[in-house]
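Source file: work_37.txt. Holds: compact mmCIF, C-alpha atoms.
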```
# COMPACT_ATOMS: atom_id res chain seq x y z
CA MET T 1 87.60 115.39 98.09
CA LEU T 2 86.18 113.08 100.74
CA ASP T 3 83.75 114.45 103.29
CA THR T 4 85.74 113.47 106.37
CA ALA T 5 84.81 116.12 108.88
CA PRO T 6 87.27 116.00 111.76
CA ILE T 7 86.34 114.25 114.95
CA SER T 8 87.87 115.96 117.96
CA LYS T 9 89.79 112.87 119.10
CA PRO T 10 91.37 110.36 116.71
CA GLY T 11 90.03 106.81 116.66
CA SER T 12 93.59 105.58 116.99
CA GLU T 13 96.94 107.21 117.63
CA ARG T 14 100.48 105.95 118.12
CA VAL T 15 103.92 107.53 118.42
CA THR T 16 106.95 105.51 117.32
CA ASP T 17 110.49 106.94 117.16
CA GLY T 18 109.12 110.48 117.35
CA VAL T 19 106.57 110.10 114.54
CA ARG T 20 102.89 110.38 115.52
CA VAL T 21 100.29 108.62 113.34
CA SER T 22 96.65 109.58 114.04
CA VAL T 23 93.61 108.01 112.35
CA TRP T 24 90.03 109.33 112.15
CA PRO T 25 87.52 106.78 110.75
CA THR T 26 84.11 107.91 109.44
CA PHE T 27 81.17 105.75 108.29
CA LEU T 28 79.77 106.95 104.94
CA ALA T 29 76.07 106.06 105.07
CA ASN T 30 75.35 107.77 101.74
CA GLN T 31 77.78 105.43 99.92
CA SER T 32 76.80 102.27 101.81
CA ASP T 33 74.11 99.70 100.93
CA PRO T 34 73.42 97.31 103.82
CA ALA T 35 71.01 95.24 101.67
CA ASP T 36 73.96 94.49 99.37
CA ARG T 37 76.41 94.04 102.30
CA ARG T 38 78.34 97.14 101.26
CA TYR T 39 79.57 99.40 104.05
CA VAL T 40 81.92 102.22 103.13
CA PHE T 41 84.24 103.90 105.58
CA ALA T 42 86.51 106.86 105.02
CA TYR T 43 89.62 107.38 107.06
CA ARG T 44 91.84 110.37 107.49
CA ILE T 45 95.46 109.77 108.45
CA ARG T 46 97.74 112.44 109.87
CA ILE T 47 101.47 111.77 110.20
CA THR T 48 103.29 114.32 112.36
CA ASN T 49 107.07 114.29 112.60
CA GLU T 50 107.89 115.13 116.23
CA SER T 51 111.50 113.95 115.86
CA ASN T 52 114.58 116.00 114.99
CA ARG T 53 115.21 114.32 111.61
CA ALA T 54 113.40 114.28 108.28
CA VAL T 55 111.61 111.06 107.30
CA ARG T 56 110.23 109.78 104.00
CA LEU T 57 106.99 107.79 103.90
CA LYS T 58 108.06 104.77 101.83
CA ALA T 59 105.20 102.23 102.06
CA ARG T 60 102.00 101.21 103.76
CA HIS T 61 100.39 97.94 104.83
CA TRP T 62 96.70 97.71 105.81
CA GLN T 63 94.67 94.76 107.05
CA ILE T 64 90.89 94.87 106.79
CA ILE T 65 89.09 92.10 108.66
CA ASP T 66 85.28 91.97 108.63
CA ALA T 67 82.99 90.45 111.26
CA ASP T 68 83.00 87.09 109.39
CA GLY T 69 86.80 86.95 109.54
CA HIS T 70 87.38 87.71 105.83
CA ARG T 71 90.77 89.37 105.52
CA LYS T 72 91.96 91.80 102.85
CA GLU T 73 95.56 93.02 102.78
CA VAL T 74 96.66 96.20 101.02
CA ASP T 75 100.36 96.84 100.42
CA GLY T 76 102.06 99.45 98.33
CA GLU T 77 104.68 102.12 97.95
CA GLY T 78 103.84 105.42 99.61
CA VAL T 79 100.26 106.60 99.99
CA VAL T 80 97.88 108.14 97.44
CA GLY T 81 100.68 108.05 94.86
CA GLN T 82 103.14 109.97 97.02
CA GLN T 83 106.26 109.25 99.07
CA PRO T 84 106.45 112.55 100.92
CA VAL T 85 109.38 113.78 102.96
CA ILE T 86 108.14 115.01 106.34
CA GLU T 87 110.54 117.46 107.94
CA PRO T 88 110.81 117.87 111.75
CA GLY T 89 107.68 119.65 113.02
CA GLN T 90 105.76 119.06 109.77
CA THR T 91 102.58 117.07 109.15
CA PHE T 92 101.39 115.07 106.16
CA GLU T 93 97.70 114.20 105.92
CA TYR T 94 95.62 112.18 103.48
CA SER T 95 92.18 110.56 103.21
CA SER T 96 91.03 107.35 101.60
CA LEU T 97 88.11 104.91 101.47
CA CYS T 98 87.67 101.37 102.72
CA PRO T 99 84.70 99.27 101.54
CA ALA T 100 83.70 96.40 103.81
CA ARG T 101 81.19 93.51 103.76
CA ASP T 102 80.03 94.14 107.33
CA GLN T 103 79.44 97.13 109.52
CA LEU T 104 81.69 95.64 112.19
CA GLY T 105 85.30 94.69 111.76
CA HIS T 106 88.86 95.81 112.19
CA HIS T 107 91.06 97.99 110.00
CA GLY T 108 94.66 98.30 111.08
CA GLY T 109 98.09 98.55 109.66
CA SER T 110 101.32 100.43 109.44
CA VAL T 111 103.32 102.90 107.43
CA SER T 112 107.01 102.45 106.70
CA LEU T 113 109.18 105.50 107.26
CA ARG T 114 112.84 105.93 106.40
CA VAL T 115 115.18 108.54 107.82
CA ARG T 116 115.92 110.87 104.93
CA SER T 117 119.54 111.08 103.81
CA ARG T 118 120.83 114.57 103.39
```
Could you spell out this file's structure in structure tokens?
Amino acid sequence: MLDTAPISKPGSERVTDGVRVSVWPTFLANQSDPADRRYVFAYRIRITNESNRAVRLKARHWQIIDADGHRKEVDGEGVVGQQPVIEPGQTFEYSSLCPARDQLGHHGGSVSLRVRSR
């Protein structure tokens, strides 16, 4: 379990087609080593279905860009080995880590949701 204590306001939040995605980033000083250019960040993602239809989380795409402009892309099916169905009014939440070469940079991306067939 990652120590990702909640911050009162998400670092980023967006609502698209009735699905709210909120992100809380946290710097993990105890896992970072600035002398070795290793900075570790945790992030907690909450996906809340505010629509009136069930959706399935099918895939994710993340871009990590450090202060020197080095880019890393992460693509895959689902998240943390799951492709959950999120019913109307329900929330799915997960945490993960992101190592970086610099303490400054940008981490952004998207999740792909499909309307669930009944």
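Computed from the coordinates, the atom CA of Ser32 of chain T to atom CA of Ile64 of chain T distance equals 16.7 Å.
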Requested in this report: Skip Asp68 of chain T itself and residues of its chain fewer than 2 positions away, then list as a count of residues only all residues within 12 Å of it, counting only C-alpha atoms.
Outcome: 13
At most 6 Å is the cut-off: for each residue in segment 24-51 of chain T with any atom that close to an atom of segment 80-95 of chain T, write down the nearest atom pair and the distance in Å rounded to one decimal, counting all atoms listed in the file, chain first then increasing number, as a Markdown table.
```
| residue | atom | partner | partner_atom | distance |
| --- | --- | --- | --- | --- |
| T:Tyr43 | CA | T:Ser95 | CA | 5.6 |
| T:Arg44 | CA | T:Ser95 | CA | 4.3 |
| T:Ile45 | CA | T:Tyr94 | CA | 5.5 |
| T:Arg46 | CA | T:Glu93 | CA | 4.3 |
| T:Ile47 | CA | T:Phe92 | CA | 5.2 |
| T:Thr48 | CA | T:Thr91 | CA | 4.3 |
| T:Asn49 | CA | T:Pro88 | CA | 5.2 |
| T:Glu50 | CA | T:Gly89 | CA | 5.5 |
| T:Ser51 | CA | T:Pro88 | CA | 5.7 |
```
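For the pair atom CA of Tyr39 of chain T and atom CA of Phe27 of chain T, the separation is 7.8 Å.
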Report summary line: Of T:Ala59, T:Val21, T:Val40, T:Ala29, the one sitting nearest Leu113 of chain T when using all atoms listed in the file is T:Ala59
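Proximity to Ser96 of chain T was assessed for T:Gly11, T:Pro25, T:Gly109, T:Gly18 counting only C-alpha atoms; the smallest distance is recorded for T:Pro25.
Reported to one decimal place, the separation of atom CA of Arg20 of chain T from atom CA of Arg53 of chain T is 13.5 Å.
Comparing T:Ala67, T:Trp24, T:Leu97, T:Ser110 by their smallest distance to Ser12 of chain T, the closest is T:Trp24 (using all atoms listed in the file).
Candidate residues T:Ala54, T:Gly69, T:Val111, T:Pro99 were compared for distance to Asp33 of chain T, and the nearest is T:Pro99, using only C-alpha atoms.
Across T:Ser22, T:Ser112, T:Thr16, T:Gln31, the tightest approach to Gly76 of chain T is made by T:Ser112 when counting all atoms listed in the file.
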